[in-house]
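Colleague: I'd like to ask you about the structure that follows.
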Amino acid sequence: MTGFPGTFALVLLAGGFPMEALGQTDSATNGCLRNPACYKPPPGEEAIIPWLSHTERAARTASTVSAMLEDADVTIIESILTRCAREADEKVNKEDDELQGQDPTREQCKKVVRREGNREVTRAMELGTRKHELALDCIRAAVAEDFAKHVSVTPTYQKDPNTGLWRWVDPKQVKEWLQIGLKSMLWGALVPDIVIHAPGNPNQAQRAYDLKFPCPHDNDPSWGRYASGQPHHPKTQGVMYQEALRLKKKDVSFSTPKGVK
């Protein structure tokens, strides 16, 4: 699914992608390259979220106690995230005409390669987008057999304005909104890269992860703070994941080519 400059399939939203320091992050977590939060509803137009009432009713009919994955299984999933991130990192660096398999330098990471609207796109952002896409495809394939019921890739969460609760949004609904031009319906949505949850129930989250490809590699990954004008300003993306998914700080992590942090 496409439609946003510099984006990739399935990563279509989130008032969930703050501005971060230049050269430290990839574009997949940077501004409008992966951020339908940029599509603010017209003045006076409130987002109507009709599916949430149905979701709430379905949730109440489900068992209140769901089996979460054991630590050993979580460790296996985290090893998959690390492997996929590492393979994507190596593949993109190898196929890049300039890098030819080498890690990008700090100067290369900071280099502005083009403009999209009023934004400068750096090599760090460009490389990160490509690595992100490959890693997500790898993860989808790897978890499909053994962990399909417990792992969601790029799930969408939206806040019900009536109850104040954050709920998972069916991908079919997201696709429909985008196809008919209702991007404003996704204003303020959150889209973690990976969520481990109760079987078949993304609303009962156990862990959440975002892929990070620091550029250069010796940079530490960090949560960006939402810029002024974004729906969750001045909080960070990590804090919003904790609040929306009702997770502890230790349960929200980065997944990098060097491991989960």
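Quick note on naming: the chains in the structure tokens go A, B, ... in the order shown, residues restart at 1 in each chain, and ligands are numbered from 1 in order of appearance.
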Return as a PyMOL selection string the full set of residues in range 110-201 of chain A whose backbone-based DSSP assignment is helix (DSSP H, G or I).

Modeller: chain A and resi 110+123-143+171-179+183-186

Colleague: Excluding His150 in chain A and its own-chain neighbours fewer than 3 positions away, which residues fall within 7 Å of it when counting only C-alpha atoms? Please give them as a PyMOL selection string.

Modeller: chain A and resi 147+196-200

Colleague: Store the residues picked out above in a file with C-alpha atoms, as a compact mmCIF listing (two decimals), in the first residue's frame.

Modeller:
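Result went into part28.txt, see below:
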```txt
# COMPACT_ATOMS: atom_id res chain seq x y z
CA PHE A 147 3.69 -16.63 16.73
CA ILE A 196 3.52 -8.89 21.39
CA HIS A 197 0.07 -9.45 22.86
CA ALA A 198 -2.48 -11.93 24.15
CA PRO A 199 -3.48 -14.50 21.51
CA GLY A 200 -5.58 -12.83 18.85
```

Colleague: Just the number, please: distance in Å from CA of Ser255 in chain A to CA of Thr122 in chain A, one decimal.

Modeller: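 Interatomic distance here is 21.4 Å.
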
Colleague: Could you give me, as a ChimeraX atom specification, the residues within 12 Å of Lys212 in chain A, counting only C-alpha atoms and dropping anything in the same chain fewer than 3 positions from it?

Modeller: /A:20,24-30,81-82,84-86,88-89,124-125,127-133,135-136,192-194,209,215-217,219-224,253-261

Colleague: Could you check which of A:Gln237, A:Thr156, A:Ser184, A:Asn118 is closest to Pro202 in chain A, using only C-alpha atoms?

Modeller: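 The answer is A:Thr156, which sits nearest to Pro202 in chain A.
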
Colleague: From the set A:Val169, A:Ala72, A:Val113, A:Val121, which residue has the shortest atom-to-atom contact distance to Ser152 in chain A, counting only C-alpha atoms?

Modeller: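 Nearest candidate to Ser152 in chain A out of A:Val169, A:Ala72, A:Val113, A:Val121: A:Val169.
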
Colleague: Could you jot down the CA of Gly164 in chain A to CA of Leu245 in chain A separation for me, Å, one decimal place?

Modeller: 12.4 Å

Colleague: One number please: CA of Cys109 in chain A to CA of Asp210 in chain A, in Å, one decimal.

Modeller: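 Distance reported for this atom pair: 20.0 Å.
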
Colleague: Please provide as a PDB file with C-alpha atoms, in the first residue's frame all residues within 10 Å of Leu247 in chain A, with the sequence filter that same-chain residues fewer than 5 positions apart are discarded (counting only C-alpha atoms).

Modeller:
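This is the output file around18.pdb:
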```pdb
ATOM      1  CA  GLN A 204      -3.878  -6.763  25.534  1.00  0.00           C
ATOM      2  CA  ALA A 205      -0.279  -5.813  24.831  1.00  0.00           C
ATOM      3  CA  GLN A 206       2.658  -7.532  26.467  1.00  0.00           C
ATOM      4  CA  ARG A 207       5.642  -5.825  24.785  1.00  0.00           C
ATOM      5  CA  ALA A 208       6.140  -3.158  22.114  1.00  0.00           C
ATOM      6  CA  VAL A 239       5.997   7.369  26.629  1.00  0.00           C
ATOM      7  CA  MET A 240       2.969   7.312  24.359  1.00  0.00           C
ATOM      8  CA  TYR A 241       3.390   3.582  23.756  1.00  0.00           C
ATOM      9  CA  GLN A 242       3.482   3.035  27.495  1.00  0.00           C
ATOM     10  CA  VAL A 252       8.807  -0.769  25.455  1.00  0.00           C
TER      11      VAL A 252
END
```

Colleague: Among range 59-226 of chain A, which residues does DSSP mark as strand (DSSP E) when it is run on the backbone? Keep the chain and numbering as in the structure and answer as a ChimeraX atom specification.

Modeller: /A:112-116,119-122,151-153,156-159,166-169,194-198,201-211

Colleague: Keeping only N, CA, C and O atoms, write the selected residues to a file as a compact mmCIF listing (two decimals), in the first residue's frame.

Modeller:
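Saved file result32.txt follows:
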```txt
# COMPACT_ATOMS: atom_id res chain seq x y z
N VAL A 112 22.32 15.67 2.96
CA VAL A 112 20.95 15.87 2.46
C VAL A 112 20.89 15.39 1.01
O VAL A 112 21.66 15.86 0.17
N VAL A 113 19.99 14.46 0.74
CA VAL A 113 19.92 13.87 -0.60
C VAL A 113 18.76 14.43 -1.43
O VAL A 113 18.78 14.38 -2.66
N ARG A 114 17.74 14.97 -0.79
CA ARG A 114 16.62 15.55 -1.52
C ARG A 114 15.71 16.29 -0.54
O ARG A 114 15.91 16.23 0.67
N ARG A 115 14.73 16.96 -1.08
CA ARG A 115 13.72 17.62 -0.27
C ARG A 115 12.35 17.03 -0.59
O ARG A 115 12.07 16.70 -1.74
N GLU A 116 11.54 16.91 0.43
CA GLU A 116 10.16 16.48 0.26
C GLU A 116 9.29 17.53 0.93
O GLU A 116 9.20 17.60 2.14
N ARG A 119 10.77 19.63 3.89
CA ARG A 119 11.66 18.80 4.70
C ARG A 119 12.88 18.36 3.91
O ARG A 119 12.79 18.01 2.74
N GLU A 120 14.01 18.36 4.59
CA GLU A 120 15.23 17.82 4.01
C GLU A 120 15.33 16.34 4.36
O GLU A 120 15.14 15.95 5.51
N VAL A 121 15.61 15.53 3.37
CA VAL A 121 15.77 14.09 3.57
C VAL A 121 17.26 13.77 3.56
O VAL A 121 17.95 14.04 2.57
N THR A 122 17.74 13.21 4.65
CA THR A 122 19.17 12.87 4.75
C THR A 122 19.41 11.43 4.33
O THR A 122 18.49 10.64 4.19
N VAL A 151 1.78 -11.95 17.77
CA VAL A 151 2.61 -10.84 17.29
C VAL A 151 1.89 -10.09 16.17
O VAL A 151 1.43 -10.70 15.20
N SER A 152 1.80 -8.78 16.32
CA SER A 152 1.26 -7.93 15.26
C SER A 152 2.36 -7.01 14.76
O SER A 152 3.10 -6.42 15.55
N VAL A 153 2.46 -6.91 13.44
CA VAL A 153 3.45 -6.03 12.81
C VAL A 153 2.74 -4.76 12.36
O VAL A 153 1.73 -4.80 11.67
N THR A 156 -2.20 -0.62 14.29
CA THR A 156 -2.65 0.75 14.50
C THR A 156 -3.51 0.85 15.75
O THR A 156 -4.42 0.04 15.95
N TYR A 157 -3.24 1.86 16.57
CA TYR A 157 -4.05 2.12 17.77
C TYR A 157 -4.56 3.55 17.71
O TYR A 157 -3.83 4.48 17.38
N GLN A 158 -5.83 3.72 18.02
CA GLN A 158 -6.46 5.04 18.02
C GLN A 158 -7.21 5.24 19.33
O GLN A 158 -7.73 4.29 19.91
N LYS A 159 -7.26 6.47 19.77
CA LYS A 159 -7.92 6.80 21.03
C LYS A 159 -9.39 7.12 20.80
O LYS A 159 -9.73 7.95 19.97
N TRP A 166 -7.44 3.65 24.39
CA TRP A 166 -6.77 3.36 23.14
C TRP A 166 -7.15 1.95 22.70
O TRP A 166 -7.06 1.01 23.48
N ARG A 167 -7.56 1.81 21.44
CA ARG A 167 -7.97 0.51 20.94
C ARG A 167 -7.32 0.24 19.58
O ARG A 167 -7.03 1.15 18.80
N TRP A 168 -7.11 -1.04 19.32
CA TRP A 168 -6.58 -1.49 18.04
C TRP A 168 -7.58 -1.24 16.93
O TRP A 168 -8.80 -1.39 17.12
N VAL A 169 -7.09 -0.85 15.75
CA VAL A 169 -7.94 -0.59 14.60
C VAL A 169 -7.70 -1.68 13.56
O VAL A 169 -6.55 -1.96 13.19
N ILE A 194 6.30 -3.43 16.23
CA ILE A 194 5.98 -4.78 16.65
C ILE A 194 5.28 -4.73 18.01
O ILE A 194 5.75 -4.03 18.91
N VAL A 195 4.20 -5.47 18.16
CA VAL A 195 3.55 -5.61 19.46
C VAL A 195 3.34 -7.10 19.75
O VAL A 195 2.78 -7.82 18.92
N ILE A 196 3.82 -7.55 20.90
CA ILE A 196 3.52 -8.89 21.39
C ILE A 196 2.30 -8.75 22.31
O ILE A 196 2.26 -7.86 23.16
N HIS A 197 1.33 -9.63 22.13
CA HIS A 197 0.07 -9.45 22.86
C HIS A 197 -0.59 -10.79 23.16
O HIS A 197 -0.11 -11.86 22.75
N ALA A 198 -1.69 -10.73 23.87
CA ALA A 198 -2.48 -11.93 24.15
C ALA A 198 -2.93 -12.53 22.83
O ALA A 198 -3.08 -11.83 21.82
N ASN A 201 -5.47 -10.90 20.33
CA ASN A 201 -6.02 -9.67 20.93
C ASN A 201 -4.95 -8.59 21.09
O ASN A 201 -4.32 -8.47 22.14
N PRO A 202 -4.73 -7.77 20.07
CA PRO A 202 -3.73 -6.70 20.16
C PRO A 202 -4.04 -5.65 21.23
O PRO A 202 -3.18 -4.84 21.57
N ASN A 203 -5.26 -5.67 21.76
CA ASN A 203 -5.60 -4.71 22.82
C ASN A 203 -5.00 -5.10 24.17
O ASN A 203 -4.96 -4.27 25.08
N GLN A 204 -4.54 -6.33 24.31
CA GLN A 204 -3.88 -6.76 25.53
C GLN A 204 -2.39 -6.93 25.24
O GLN A 204 -1.90 -8.03 25.00
N ALA A 205 -1.68 -5.81 25.23
CA ALA A 205 -0.28 -5.81 24.83
C ALA A 205 0.61 -6.34 25.95
O ALA A 205 0.35 -6.13 27.14
N GLN A 206 1.67 -7.00 25.54
CA GLN A 206 2.66 -7.53 26.47
C GLN A 206 4.00 -6.81 26.32
O GLN A 206 4.65 -6.46 27.29
N ARG A 207 4.41 -6.56 25.09
CA ARG A 207 5.64 -5.83 24.78
C ARG A 207 5.43 -5.04 23.50
O ARG A 207 4.62 -5.42 22.65
N ALA A 208 6.18 -3.94 23.35
CA ALA A 208 6.14 -3.16 22.11
C ALA A 208 7.56 -2.79 21.72
O ALA A 208 8.42 -2.52 22.58
N TYR A 209 7.81 -2.76 20.40
CA TYR A 209 9.15 -2.50 19.89
C TYR A 209 9.07 -1.57 18.68
O TYR A 209 8.14 -1.65 17.89
N ASP A 210 10.08 -0.74 18.55
CA ASP A 210 10.27 0.02 17.31
C ASP A 210 11.65 -0.31 16.76
O ASP A 210 12.63 -0.34 17.51
N LEU A 211 11.71 -0.56 15.47
CA LEU A 211 12.98 -0.79 14.81
C LEU A 211 13.75 0.53 14.70
O LEU A 211 13.16 1.57 14.38
```

Colleague: Using only C-alpha atoms, can you tell me which of A:Leu190, A:Pro214, A:Ile139, A:Thr154 comes closest to Arg106 in chain A?

Modeller: A:Pro214
